[in-house]
file structure.cif (mmCIF, C-alpha atoms)
data_upload
loop_
_atom_site.label_atom_id
_atom_site.label_comp_id
_atom_site.auth_asym_id
_atom_site.auth_seq_id
_atom_site.Cartn_x
_atom_site.Cartn_y
_atom_site.Cartn_z
CA MET G 1129 -22.06 142.52 173.46
CA ARG G 1130 -22.35 145.09 170.72
CA GLN G 1131 -21.11 148.43 171.95
CA ALA G 1132 -20.86 150.63 168.89
CA ASN G 1133 -20.37 154.35 169.50
CA PRO G 1134 -21.25 156.32 166.37
CA ALA G 1135 -20.46 159.63 168.02
CA ARG G 1136 -16.82 158.77 168.49
CA PRO G 1137 -14.90 156.60 166.02
CA ARG G 1138 -12.65 153.90 167.35
CA ALA G 1139 -8.93 154.51 167.25
CA ARG G 1140 -7.11 152.85 164.39
CA ARG G 1141 -5.32 149.78 165.66
CA ALA G 1142 -1.75 149.19 164.72
CA PRO G 1143 -0.88 145.94 162.93
CA ALA G 1144 0.25 143.04 165.04
CA ALA G 1145 3.88 143.22 166.08
CA ASP G 1146 4.43 139.64 167.10
CA LEU G 1147 5.00 136.81 164.68
CA SER G 1148 2.49 134.41 166.19
CA GLY G 1149 -0.47 136.28 164.78
CA ARG G 1150 -2.37 135.96 168.08
CA ASP G 1151 -1.41 139.27 169.70
CA ARG G 1152 -2.57 142.63 168.51
CA LEU G 1153 -1.10 144.39 171.56
CA PRO G 1154 2.22 142.57 171.92
CA SER G 1155 3.55 144.74 174.75
CA LEU G 1156 0.71 143.52 176.96
CA THR G 1157 1.70 139.93 176.20
CA GLY G 1158 5.28 140.79 177.14
CA LEU G 1159 4.13 142.38 180.39
CA ARG G 1160 2.42 139.13 181.32
CA PHE G 1161 5.84 137.51 181.71
CA TRP G 1162 7.06 140.23 184.09
CA ALA G 1163 3.92 139.99 186.20
CA ALA G 1164 4.30 136.21 186.40
CA LEU G 1165 7.97 136.65 187.31
CA LEU G 1166 6.94 138.95 190.15
CA VAL G 1167 4.68 136.22 191.55
CA VAL G 1168 7.36 133.54 191.10
CA LEU G 1169 10.00 135.59 192.93
CA TYR G 1170 7.50 136.32 195.69
CA HIS G 1171 6.97 132.59 196.27
CA LEU G 1172 10.67 131.84 196.06
CA SER G 1173 11.44 134.52 198.65
CA ARG G 1174 8.81 133.40 201.11
CA GLN G 1175 9.05 129.62 200.66
CA VAL G 1176 12.60 128.80 199.56
CA GLY G 1177 14.62 131.56 201.22
CA GLU G 1178 15.54 135.20 200.87
CA ILE G 1179 18.13 136.81 198.67
CA PRO G 1180 19.19 140.24 199.96
CA TYR G 1181 17.70 143.25 198.16
CA VAL G 1182 15.90 141.09 195.59
CA SER G 1183 13.56 139.57 198.15
CA ASP G 1184 12.94 142.98 199.72
CA THR G 1185 11.80 144.30 196.35
CA VAL G 1186 9.51 141.37 195.52
CA TRP G 1187 8.27 140.60 199.04
CA TYR G 1188 4.81 141.77 198.00
CA GLY G 1189 5.03 140.41 194.47
CA ARG G 1190 1.70 138.66 194.87
CA SER G 1191 0.34 141.94 193.53
CA GLY G 1192 1.16 140.47 190.12
CA VAL G 1193 -2.21 138.71 190.40
CA THR G 1194 -3.85 142.14 190.62
CA PHE G 1195 -2.09 143.04 187.38
CA PHE G 1196 -3.56 139.96 185.70
CA PHE G 1197 -7.08 140.83 186.87
CA VAL G 1198 -6.77 144.37 185.50
CA LEU G 1199 -5.20 143.06 182.30
CA SER G 1200 -8.00 140.52 181.86
CA GLY G 1201 -10.67 143.20 181.96
CA PHE G 1202 -8.69 145.46 179.65
CA VAL G 1203 -8.01 142.87 176.96
CA LEU G 1204 -11.55 141.48 176.97
CA ALA G 1205 -13.09 144.95 176.68
CA TRP G 1206 -10.68 146.01 173.94
CA THR G 1207 -11.25 142.78 172.05
CA TYR G 1208 -15.03 142.53 172.24
CA ASP G 1209 -15.99 146.20 172.06
CA GLY G 1210 -18.32 146.68 169.09
CA LYS G 1211 -18.52 142.98 168.28
CA ALA G 1212 -21.76 141.02 168.21
CA VAL G 1213 -20.62 137.87 170.03
CA PRO G 1214 -23.31 135.84 171.83
CA ALA G 1215 -22.68 135.40 175.54
CA LYS G 1216 -22.60 131.60 175.22
CA VAL G 1217 -19.85 131.84 172.60
CA PHE G 1218 -17.84 134.22 174.76
CA LEU G 1219 -18.18 132.05 177.86
CA TRP G 1220 -17.25 128.89 175.96
CA ARG G 1221 -14.14 130.59 174.60
CA ARG G 1222 -13.08 131.59 178.11
CA PHE G 1223 -13.78 128.07 179.38
CA ALA G 1224 -11.60 126.67 176.61
CA ARG G 1225 -8.91 129.16 177.53
CA ILE G 1226 -8.46 128.34 181.21
CA TRP G 1227 -10.06 124.99 182.08
CA PRO G 1228 -7.85 122.41 180.29
CA LEU G 1229 -4.59 123.69 181.76
CA MET G 1230 -6.19 124.17 185.16
CA VAL G 1231 -7.24 120.49 185.17
CA ALA G 1232 -3.82 119.31 183.96
CA THR G 1233 -1.86 121.30 186.54
CA GLY G 1234 -4.40 120.40 189.24
CA ALA G 1235 -3.79 116.73 188.55
CA LEU G 1236 -0.04 117.33 188.67
CA SER G 1237 -0.38 119.19 191.96
CA VAL G 1238 -2.43 116.40 193.58
CA ALA G 1239 0.08 113.82 192.31
CA VAL G 1240 2.92 115.75 193.96
CA TRP G 1241 1.04 115.87 197.25
CA VAL G 1242 0.48 112.12 197.09
CA TRP G 1243 4.12 111.54 196.19
CA LEU G 1244 5.25 113.63 199.16
CA GLY G 1245 2.80 111.89 201.48
CA GLN G 1246 0.87 115.10 202.12
CA THR G 1247 -2.60 113.99 201.06
CA ALA G 1248 -4.12 115.87 204.00
CA MET G 1249 -3.28 119.10 202.19
CA VAL G 1250 -6.05 118.59 199.63
CA SER G 1251 -9.62 117.33 200.06
CA ALA G 1252 -12.13 115.84 197.65
CA LYS G 1253 -14.34 118.89 198.22
CA ALA G 1254 -11.50 121.20 197.27
CA VAL G 1255 -10.80 119.24 194.09
CA ILE G 1256 -14.46 119.17 193.04
CA THR G 1257 -15.01 122.87 193.67
CA ASN G 1258 -11.77 123.54 191.80
CA LEU G 1259 -13.07 121.65 188.76
CA LEU G 1260 -16.28 123.68 188.94
CA LEU G 1261 -14.29 126.93 189.30
CA VAL G 1262 -16.08 127.95 192.50
CA HIS G 1263 -13.36 127.14 195.04
CA ALA G 1264 -12.45 130.77 195.84
CA TRP G 1265 -15.96 131.42 197.16
CA MET G 1266 -15.31 129.29 200.27
CA PRO G 1267 -12.39 129.75 202.67
CA ASP G 1268 -11.93 126.01 203.23
CA THR G 1269 -11.63 125.19 199.50
CA VAL G 1270 -9.89 128.28 198.17
CA LYS G 1271 -6.60 126.44 197.66
CA GLY G 1272 -8.32 123.77 195.55
CA ALA G 1273 -6.29 121.09 193.83
CA ASN G 1274 -3.58 123.57 192.87
CA PRO G 1275 -3.16 126.51 195.29
CA ALA G 1276 -2.20 128.91 192.49
CA ALA G 1277 -5.47 128.20 190.66
CA TRP G 1278 -7.56 130.19 193.16
CA SER G 1279 -7.36 133.17 190.79
CA LEU G 1280 -9.13 131.19 188.05
CA SER G 1281 -12.21 130.96 190.26
CA ASP G 1282 -12.17 134.76 190.43
CA GLU G 1283 -11.65 134.97 186.66
CA ALA G 1284 -14.62 132.65 186.06
CA TRP G 1285 -16.82 135.06 188.00
CA PHE G 1286 -15.47 137.99 186.01
CA TYR G 1287 -16.28 136.19 182.77
CA LEU G 1288 -19.85 135.61 183.90
CA VAL G 1289 -20.48 139.29 184.61
CA PHE G 1290 -18.49 140.68 181.67
CA PRO G 1291 -21.37 140.57 179.14
CA LEU G 1292 -23.52 142.43 181.66
CA LEU G 1293 -20.86 145.06 182.25
CA MET G 1294 -20.60 145.71 178.53
CA MET G 1295 -24.34 146.45 178.45
CA LEU G 1296 -24.15 149.19 181.08
CA PRO G 1297 -24.52 152.72 179.62
CA ALA G 1298 -21.78 154.10 181.90
CA PHE G 1299 -19.13 152.08 180.08
CA ARG G 1300 -20.20 153.50 176.71
CA SER G 1301 -19.50 157.17 177.43
CA GLY G 1302 -16.33 159.02 178.30
CA ARG G 1303 -18.00 160.70 181.25
CA GLY G 1304 -19.33 157.39 182.52
CA ARG G 1305 -15.90 155.77 182.29
CA ARG G 1306 -14.35 158.67 184.22
CA TRP G 1307 -16.89 158.09 186.97
CA ILE G 1308 -16.07 154.39 186.93
CA TRP G 1309 -12.38 155.19 187.32
CA ALA G 1310 -13.08 157.48 190.27
CA LEU G 1311 -15.54 155.16 192.00
CA THR G 1312 -13.32 152.14 191.46
CA CYS G 1313 -10.32 153.86 193.02
CA VAL G 1314 -12.44 154.85 196.01
CA GLY G 1315 -13.93 151.37 196.10
CA VAL G 1316 -10.61 149.53 196.41
CA VAL G 1317 -9.69 151.78 199.32
CA LEU G 1318 -13.00 150.97 201.00
CA VAL G 1319 -12.48 147.23 200.44
CA TRP G 1320 -9.04 147.56 202.00
CA MET G 1321 -10.43 149.48 204.99
CA SER G 1322 -13.20 146.92 205.44
CA GLY G 1323 -10.52 144.56 206.72
CA ALA G 1324 -10.94 146.31 210.07
CA LEU G 1325 -14.41 144.77 210.31
CA VAL G 1326 -13.33 141.19 209.56
CA GLU G 1327 -11.97 138.76 212.11
CA PRO G 1328 -8.14 138.65 211.95
CA GLY G 1329 -6.48 135.55 210.58
CA SER G 1330 -7.43 133.24 207.75
CA THR G 1331 -10.95 134.67 207.44
CA ARG G 1332 -9.64 138.17 206.76
CA VAL G 1333 -7.02 136.90 204.33
CA TRP G 1334 -9.69 135.02 202.38
CA ALA G 1335 -12.15 137.93 202.41
CA LEU G 1336 -9.65 140.55 201.23
CA ASP G 1337 -7.34 138.55 198.99
CA TYR G 1338 -9.28 135.63 197.49
CA LEU G 1339 -13.02 136.33 197.50
CA PRO G 1340 -14.08 137.18 193.91
CA LEU G 1341 -16.27 140.07 195.08
CA SER G 1342 -13.26 141.72 196.74
CA ARG G 1343 -11.26 141.45 193.53
CA MET G 1344 -14.11 142.49 191.24
CA LEU G 1345 -13.18 146.18 191.09
CA GLN G 1346 -9.79 145.31 189.63
CA PHE G 1347 -11.46 143.67 186.66
CA VAL G 1348 -14.01 146.49 186.33
CA LEU G 1349 -11.27 149.12 186.15
CA GLY G 1350 -9.54 147.06 183.48
CA VAL G 1351 -12.76 146.96 181.44
CA ALA G 1352 -13.18 150.74 181.71
CA ALA G 1353 -9.55 151.32 180.70
CA GLY G 1354 -9.80 148.92 177.76
CA LEU G 1355 -12.89 150.62 176.37
CA ALA G 1356 -11.33 154.05 176.86
CA VAL G 1357 -8.16 153.14 174.96
CA ALA G 1358 -10.17 151.43 172.21
CA ARG G 1359 -12.04 154.70 171.71
CA GLY G 1360 -8.99 156.92 171.54
CA TRP G 1361 -8.17 157.79 175.16
CA ARG G 1362 -4.55 158.57 175.91
CA PRO G 1363 -3.42 157.88 179.48
CA PRO G 1364 -1.86 160.85 181.32
CA VAL G 1365 1.52 159.11 181.63
CA GLY G 1366 3.71 157.25 179.17
CA LEU G 1367 4.76 153.62 179.42
CA TRP G 1368 8.04 154.13 181.23
CA SER G 1369 6.57 156.68 183.62
CA ALA G 1370 3.84 154.13 184.44
CA ALA G 1371 6.51 151.44 184.89
CA ALA G 1372 8.46 153.74 187.24
CA LEU G 1373 5.27 154.45 189.18
CA THR G 1374 4.66 150.70 189.52
CA ALA G 1375 8.21 150.09 190.73
CA GLY G 1376 7.99 153.05 193.10
CA TRP G 1377 4.77 151.71 194.62
CA HIS G 1378 6.43 148.39 195.42
CA LEU G 1379 9.48 150.14 196.90
CA VAL G 1380 7.24 152.19 199.20
CA LEU G 1381 5.97 148.92 200.65
CA ILE G 1382 9.44 148.12 202.04
CA PRO G 1383 9.61 150.87 204.71
CA TRP G 1384 5.87 150.40 205.31
CA SER G 1385 6.62 146.81 206.36
CA TRP G 1386 9.15 148.03 208.93
CA TYR G 1387 6.44 149.59 211.04
CA THR G 1388 3.34 147.51 210.29
CA SER G 1389 2.77 143.78 210.45
CA ASP G 1390 1.41 141.94 207.42
CA ALA G 1391 -1.24 140.51 209.75
CA ASP G 1392 -2.80 143.96 210.22
CA TRP G 1393 -5.53 144.98 207.78
CA TYR G 1394 -3.70 148.28 207.27
CA GLY G 1395 -0.40 146.53 206.62
CA PRO G 1396 1.37 146.41 203.26
CA TYR G 1397 0.31 142.84 202.45
CA HIS G 1398 -3.35 143.59 201.73
CA ALA G 1399 -2.55 147.08 200.49
CA SER G 1400 -0.10 145.76 197.92
CA GLN G 1401 -2.86 143.78 196.22
CA LEU G 1402 -5.78 146.17 196.53
CA LEU G 1403 -4.29 149.65 196.30
CA SER G 1404 -2.10 148.75 193.31
CA THR G 1405 -5.21 148.56 191.10
CA PRO G 1406 -5.08 152.08 189.55
CA VAL G 1407 -1.30 151.87 189.17
CA PHE G 1408 -1.57 148.68 187.12
CA ALA G 1409 -4.46 150.12 185.10
CA LEU G 1410 -2.25 153.04 184.05
CA LEU G 1411 0.59 150.66 183.18
CA VAL G 1412 -1.63 148.45 181.00
CA ALA G 1413 -3.25 151.43 179.27
CA ALA G 1414 0.11 153.09 178.61
CA ALA G 1415 1.59 149.91 177.12
CA ALA G 1416 -1.44 149.41 174.87
CA ARG G 1417 -1.33 153.04 173.76
CA ALA G 1418 2.35 152.69 172.83
CA ASP G 1419 1.53 149.66 170.66
CA LEU G 1420 -1.34 151.47 168.96
CA ASP G 1421 0.94 154.42 168.24
CA GLY G 1422 3.49 152.08 166.67
CA ARG G 1423 6.21 152.90 169.23
CA ARG G 1424 8.83 150.32 170.19
CA THR G 1425 8.57 149.32 173.82
CA GLY G 1426 11.03 146.45 174.16
CA LEU G 1427 8.16 144.31 175.40
CA GLY G 1428 6.83 142.99 172.11
CA GLY G 1429 9.78 141.09 170.64
CA ARG G 1430 9.68 137.44 169.64
CA TRP G 1431 10.96 136.02 172.93
CA ALA G 1432 9.10 138.54 175.07
CA VAL G 1433 5.83 137.49 173.47
CA ARG G 1434 6.72 133.80 173.67
CA LEU G 1435 7.43 134.05 177.38
CA GLY G 1436 4.22 135.99 177.76
CA HIS G 1437 2.34 133.11 176.14
CA TRP G 1438 3.93 130.72 178.61
CA SER G 1439 3.16 132.94 181.63
CA PHE G 1440 -0.23 131.36 182.40
CA ALA G 1441 1.32 127.90 182.57
CA TRP G 1442 4.30 129.28 184.52
CA TYR G 1443 1.97 130.81 187.08
CA LEU G 1444 0.17 127.48 187.59
CA ILE G 1445 3.30 125.28 187.59
CA HIS G 1446 6.03 127.14 189.47
CA GLU G 1447 4.64 126.59 192.97
CA ILE G 1448 4.33 122.85 192.27
CA VAL G 1449 8.04 122.75 191.41
CA ILE G 1450 8.88 124.69 194.58
CA ARG G 1451 6.80 122.29 196.67
CA SER G 1452 8.44 119.26 195.06
CA TRP G 1453 11.91 120.54 195.86
CA LEU G 1454 11.15 121.56 199.43
CA GLY G 1455 9.28 118.33 200.14
CA THR G 1456 12.26 116.30 198.91
CA TYR G 1457 15.31 118.31 200.02
CA GLY G 1458 14.04 120.92 202.47
CA ARG G 1459 14.94 124.61 202.52
CA PRO G 1460 18.48 125.42 201.36
CA GLN G 1461 20.98 126.84 203.81
CA GLY G 1462 23.14 129.82 202.92
CA LEU G 1463 22.96 132.45 200.21
CA VAL G 1464 24.72 130.45 197.49
CA ASP G 1465 22.52 127.37 197.91
CA THR G 1466 19.40 129.54 198.03
CA ALA G 1467 20.38 131.31 194.81
CA LEU G 1468 21.06 127.97 193.11
CA VAL G 1469 17.63 126.62 194.12
CA TRP G 1470 16.02 129.82 192.85
CA LEU G 1471 17.76 129.37 189.51
CA LEU G 1472 16.86 125.68 189.32
CA VAL G 1473 13.17 126.34 190.07
CA ILE G 1474 12.97 129.14 187.52
CA VAL G 1475 14.62 127.10 184.76
CA VAL G 1476 12.69 123.88 185.42
CA SER G 1477 9.31 125.56 185.87
CA GLN G 1478 9.83 127.71 182.79
CA ALA G 1479 10.75 124.67 180.69
CA LEU G 1480 7.68 122.79 181.95
CA SER G 1481 5.57 125.83 181.16
CA GLY G 1482 6.74 125.88 177.57
CA LEU G 1483 5.87 122.20 177.23
CA ALA G 1484 2.50 122.74 178.87
CA TYR G 1485 1.66 125.66 176.59
CA HIS G 1486 2.55 123.84 173.36
CA GLY G 1487 1.38 120.40 174.44
CA VAL G 1488 -1.74 121.11 176.51
CA GLU G 1489 -2.92 124.69 176.77
CA HIS G 1490 -2.82 125.93 173.19
CA PRO G 1491 -3.89 122.76 171.31
CA LEU G 1492 -6.74 121.95 173.70
CA GLU G 1493 -7.96 125.53 173.61
CA ARG G 1494 -8.12 125.37 169.81
CA LEU G 1495 -9.83 121.97 169.93
CA LEU G 1496 -12.49 123.09 172.42
CA ARG G 1497 -13.13 126.38 170.67
CA GLY G 1498 -13.71 124.56 167.43
CA ALA G 1499 -16.04 122.05 169.07
CA GLY G 1500 -18.17 124.60 170.90
CA PRO G 1501 -20.73 127.22 169.83
CA GLN G 1502 -19.65 129.62 167.11
CA VAL G 1503 -20.55 133.17 166.16
CA PRO G 1504 -23.42 132.90 163.67
CA ARG G 1505 -22.37 133.81 160.18
CA PRO G 1506 -24.44 136.56 158.60
CA ALA G 1507 -26.92 135.20 156.09
CA VAL G 1508 -25.87 135.80 152.50
CA PRO G 1509 -28.90 137.00 150.52
CA ARG G 1510 -29.68 135.06 147.40
CA PRO G 1511 -29.16 136.97 144.17
CA ALA G 1512 -32.35 138.11 142.51
CA ALA G 1513 -33.45 135.88 139.63
CA GLU G 1514 -32.56 137.28 136.25
CA PRO G 1515 -35.58 138.13 134.08
CA SER G 1516 -36.42 135.48 131.52
CA ALA G 1517 -35.80 136.21 127.88
CA GLU G 1518 -39.05 134.47 127.00
CA PRO G 1519 -42.35 136.30 127.14
CA ALA G 1520 -44.46 135.42 130.15
CA ARG G 1521 -46.75 132.51 129.57
CA THR G 1522 -50.38 133.11 130.20
CA GLY G 1523 -53.31 130.90 131.03
#

call {"tool": "encode", "arguments": {"input": "structure.cif", "output": "structure tokens"}}
result
Amino acid sequence: MRQANPARPRARRAPAADLSGRDRLPSLTGLRFWAALLVVLYHLSRQVGEIPYVSDTVWYGRSGVTFFFVLSGFVLAWTYDGKAVPAKVFLWRRFARIWPLMVATGALSVAVWVWLGQTAMVSAKAVITNLLLVHAWMPDTVKGANPAAWSLSDEAWFYLVFPLLMMLPAFRSGRGRRWIWALTCVGVVLVWMSGALVEPGSTRVWALDYLPLSRMLQFVLGVAAGLAVARGWRPPVGLWSAAALTAGWHLVLIPWSWYTSDADWYGPYHASQLLSTPVFALLVAAAARADLDGRRTGLGGRWAVRLGHWSFAWYLIHEIVIRSWLGTYGRPQGLVDTALVWLLVIVVSQALSGLAYHGVEHPLERLLRGAGPQVPRPAVPRPAAEPSAEPARTG
């Protein structure tokens, strides 16, 4: 995946701002927490109960998954640009990154279903395809062992095609990346409009929201943005303007929902996840640019980065906690009880996420990475033998 560009030097990268030593763009790690929070509040609003104004704002917070797909492409491109890493090493690293925690939370999810007496909610086929990371390719297995893990099946597909994307000439030139931006933005609109051709109901939801091919453009735009920033591109808006644009997009969805049902292909539900792609790409690029320029963003502090590290586990665990509560106690009645359940779910799931990160995700990732294929070390040439002080012996 070597993508050197001698005609244009790479931008100098600022030193890491977080104390863990793992993050070179700490604001992006901090943003991961806010995207995960958006998804958590979305599930709380729709499953536990609504809180006025807050639920209106986050009613389409599932778009946080779109943010993660864009972010994934951006970070991978920025990290691996110009580096000679064999595809098998890259793929093993990504496997080590997502598979252990997916298995652990999948087992927890199945255990909760058994405990609640809801074994019909998960099938052996769904569990097996989940373990193989192919469950999102089929509508009857997309929920897998852990419903939230559907996005990891999409990510696995993105990882497979990433080395091929990095080989394409279009990604290596500024003009090519501009074309990718334009075509990707048009593409997500066309994917959204294609919903008119798909049978309404669960088939359309799967095709537009879960199928890896439908989500592919989100990752591609992230890759193009990551390469552009790595090579000196400055996004047209700053971080807080991009954040305001992101918030404004979600607020526009509120009046949209007054006139259009979420069941319609042209409704705000599908649009929130597909049409938010360029907005999130600008947000990610602007945050990365601020870090590279050495500007304080408020997103890269110690706790912001720590919560960002926990966000993957939080995303996979929070719905299990919600399901456990609802299966045991039912939906709360009244605003006060609803708010208390929200708070309880957030605190408990966040605490479990911290334990999962430090006890499962991070140590097993390090273990697997160390046990798998490694980047070959360059051969060190032997020093030339010093000439002998003795005269050469003859015959």

call {"tool": "resolve_selection", "arguments": {"input": "structure.cif", "expression": "the PyMOL selection byres ((chain G and resi 1297-1314) around 9)", "output": "ChimeraX atom specification"}}
result
/G:1131-1133,1293-1296,1315-1319,1345-1346,1348-1349,1351-1353,1355-1356,1359,1361,1403,1405-1406

call {"tool": "atom_distance", "arguments": {"input": "structure.cif", "atom1": "atom CA of G:Arg1362", "atom2": "atom CA of G:Ala1375"}}
result
21.3 Å

call {"tool": "residues_around", "arguments": {"input": "structure.cif", "residues": "stretch 1182-1190 of chain G", "least_positions_apart": "4", "cutoff": "9 Å", "atoms": "all atoms listed in the file", "output": "PDB file with C-alpha atoms, in the coordinates of the input"}}
result
ATOM      1  CA  ALA G1163       3.920 139.990 186.200  1.00  0.00           C
ATOM      2  CA  LEU G1165       7.970 136.650 187.310  1.00  0.00           C
ATOM      3  CA  LEU G1166       6.940 138.950 190.150  1.00  0.00           C
ATOM      4  CA  VAL G1167       4.680 136.220 191.550  1.00  0.00           C
ATOM      5  CA  VAL G1168       7.360 133.540 191.100  1.00  0.00           C
ATOM      6  CA  LEU G1169      10.000 135.590 192.930  1.00  0.00           C
ATOM      7  CA  TYR G1170       7.500 136.320 195.690  1.00  0.00           C
ATOM      8  CA  HIS G1171       6.970 132.590 196.270  1.00  0.00           C
ATOM      9  CA  LEU G1172      10.670 131.840 196.060  1.00  0.00           C
ATOM     10  CA  SER G1173      11.440 134.520 198.650  1.00  0.00           C
ATOM     11  CA  ARG G1174       8.810 133.400 201.110  1.00  0.00           C
ATOM     12  CA  GLY G1177      14.620 131.560 201.220  1.00  0.00           C
ATOM     13  CA  GLU G1178      15.540 135.200 200.870  1.00  0.00           C
ATOM     14  CA  THR G1194      -3.850 142.140 190.620  1.00  0.00           C
ATOM     15  CA  ALA G1375       8.210 150.090 190.730  1.00  0.00           C
ATOM     16  CA  HIS G1378       6.430 148.390 195.420  1.00  0.00           C
ATOM     17  CA  LEU G1379       9.480 150.140 196.900  1.00  0.00           C
ATOM     18  CA  LEU G1381       5.970 148.920 200.650  1.00  0.00           C
ATOM     19  CA  ILE G1382       9.440 148.120 202.040  1.00  0.00           C
ATOM     20  CA  PRO G1396       1.370 146.410 203.260  1.00  0.00           C
ATOM     21  CA  TYR G1397       0.310 142.840 202.450  1.00  0.00           C
ATOM     22  CA  SER G1400      -0.100 145.760 197.920  1.00  0.00           C
ATOM     23  CA  GLN G1401      -2.860 143.780 196.220  1.00  0.00           C
TER      24      GLN G1401
END

call {"tool": "closest_residue", "arguments": {"input": "structure.cif", "among": "G:Gly1428, G:Gly1482, G:Gly1323, G:Gly1360", "to": "G:Ala1415", "atoms": "only C-alpha atoms"}}
result
G:Gly1428

call {"tool": "closest_atom_pairs", "arguments": {"input": "structure.cif", "of": "stretch 1404-1457 of chain G", "to": "stretch 1226-1243 of chain G", "cutoff": "8 Å", "atoms": "all atoms listed in the file", "output": "JSON lines"}}
result
{"residue": "G:Ala1441", "atom": "CA", "partner": "G:Leu1229", "partner_atom": "CA", "distance": 7.3}
{"residue": "G:Leu1444", "atom": "CA", "partner": "G:Thr1233", "partner_atom": "CA", "distance": 6.6}
{"residue": "G:Ile1445", "atom": "CA", "partner": "G:Thr1233", "partner_atom": "CA", "distance": 6.6}
{"residue": "G:Ile1448", "atom": "CA", "partner": "G:Ser1237", "partner_atom": "CA", "distance": 6.0}
{"residue": "G:Ser1452", "atom": "CA", "partner": "G:Val1240", "partner_atom": "CA", "distance": 6.6}

call {"tool": "atom_distance", "arguments": {"input": "structure.cif", "atom1": "atom CA of G:Leu1495", "atom2": "atom CA of G:Asp1209"}}
result
25.1 Å

call {"tool": "residues_near_point", "arguments": {"input": "structure.cif", "point": "(-5.6, 134.2, 195.6)", "cutoff": "8 Å", "atoms": "all atoms listed in the file", "output": "VMD selection string"}}
result
chain G and resid 1193 1264 1270 1276 to 1279 1334 1337 to 1339

call {"tool": "closest_residue", "arguments": {"input": "structure.cif", "among": "G:Trp1438, G:Leu1341, G:Phe1286, G:Pro1267", "to": "G:Ala1205", "atoms": "only C-alpha atoms"}}
result
G:Phe1286

call {"tool": "resolve_selection", "arguments": {"input": "structure.cif", "expression": "the PyMOL selection byres ((chain G and resi 1471) around 12)", "output": "PDB file with C-alpha atoms, in the frame of the given file"}}
result
ATOM      1  CA  VAL G1168       7.360 133.540 191.100  1.00  0.00           C
ATOM      2  CA  LEU G1169      10.000 135.590 192.930  1.00  0.00           C
ATOM      3  CA  LEU G1172      10.670 131.840 196.060  1.00  0.00           C
ATOM      4  CA  VAL G1176      12.600 128.800 199.560  1.00  0.00           C
ATOM      5  CA  ILE G1179      18.130 136.810 198.670  1.00  0.00           C
ATOM      6  CA  HIS G1446       6.030 127.140 189.470  1.00  0.00           C
ATOM      7  CA  VAL G1449       8.040 122.750 191.410  1.00  0.00           C
ATOM      8  CA  ILE G1450       8.880 124.690 194.580  1.00  0.00           C
ATOM      9  CA  VAL G1464      24.720 130.450 197.490  1.00  0.00           C
ATOM     10  CA  ASP G1465      22.520 127.370 197.910  1.00  0.00           C
ATOM     11  CA  THR G1466      19.400 129.540 198.030  1.00  0.00           C
ATOM     12  CA  ALA G1467      20.380 131.310 194.810  1.00  0.00           C
ATOM     13  CA  LEU G1468      21.060 127.970 193.110  1.00  0.00           C
ATOM     14  CA  VAL G1469      17.630 126.620 194.120  1.00  0.00           C
ATOM     15  CA  TRP G1470      16.020 129.820 192.850  1.00  0.00           C
ATOM     16  CA  LEU G1472      16.860 125.680 189.320  1.00  0.00           C
ATOM     17  CA  VAL G1473      13.170 126.340 190.070  1.00  0.00           C
ATOM     18  CA  ILE G1474      12.970 129.140 187.520  1.00  0.00           C
ATOM     19  CA  VAL G1475      14.620 127.100 184.760  1.00  0.00           C
ATOM     20  CA  VAL G1476      12.690 123.880 185.420  1.00  0.00           C
ATOM     21  CA  SER G1477       9.310 125.560 185.870  1.00  0.00           C
ATOM     22  CA  GLN G1478       9.830 127.710 182.790  1.00  0.00           C
TER      23      GLN G1478
END

call {"tool": "atom_distance", "arguments": {"input": "structure.cif", "atom1": "atom CA of G:Ser1439", "atom2": "atom CA of G:Tyr1208"}}
result
22.6 Å

call {"tool": "residues_around", "arguments": {"input": "structure.cif", "residues": "G:Thr1425", "least_positions_apart": "5", "cutoff": "12 Å", "atoms": "all atoms listed in the file", "output": "list in words"}}
result
Ala1145, Leu1153, Pro1154, Ser1155, Leu1156, Thr1157, Gly1158, Leu1159, Gly1366, Leu1367, Trp1368, Ala1371, Ala1414, Ala1415, Ala1416, Arg1417, Ala1418, Asp1419, Leu1420 and Ala1432 of chain G

call {"tool": "resolve_selection", "arguments": {"input": "structure.cif", "expression": "the PyMOL selection byres ((chain G and resi 1220) around 12)", "output": "list in words"}}
result
Val1213, Pro1214, Ala1215, Lys1216, Val1217, Phe1218, Leu1219, Arg1221, Arg1222, Phe1223, Ala1224, Arg1225, Ile1226, Trp1227, Ala1284, Tyr1287, Leu1288, Glu1493, Arg1494, Leu1495, Leu1496, Arg1497, Gly1498, Ala1499, Gly1500, Pro1501, Gln1502 and Val1503 of chain G

call {"tool": "closest_residue", "arguments": {"input": "structure.cif", "among": "G:Val1198, G:Leu1435, G:Ala1248, G:Leu1280", "to": "G:Val1262", "atoms": "all atoms listed in the file"}}
result
G:Leu1280

call {"tool": "closest_residue", "arguments": {"input": "structure.cif", "among": "G:Gln1175, G:Ala1212, G:Leu1325, G:Trp1162", "to": "G:Arg1459", "atoms": "only C-alpha atoms"}}
result
G:Gln1175

call {"tool": "closest_residue", "arguments": {"input": "structure.cif", "among": "G:Tyr1457, G:Phe1408, G:Tyr1485, G:Tyr1181", "to": "G:Trp1442", "atoms": "only C-alpha atoms"}}
result
G:Tyr1485

call {"tool": "closest_residue", "arguments": {"input": "structure.cif", "among": "G:Val1250, G:Pro1506, G:His1437, G:Leu1463", "to": "G:His1490", "atoms": "only C-alpha atoms"}}
result
G:His1437
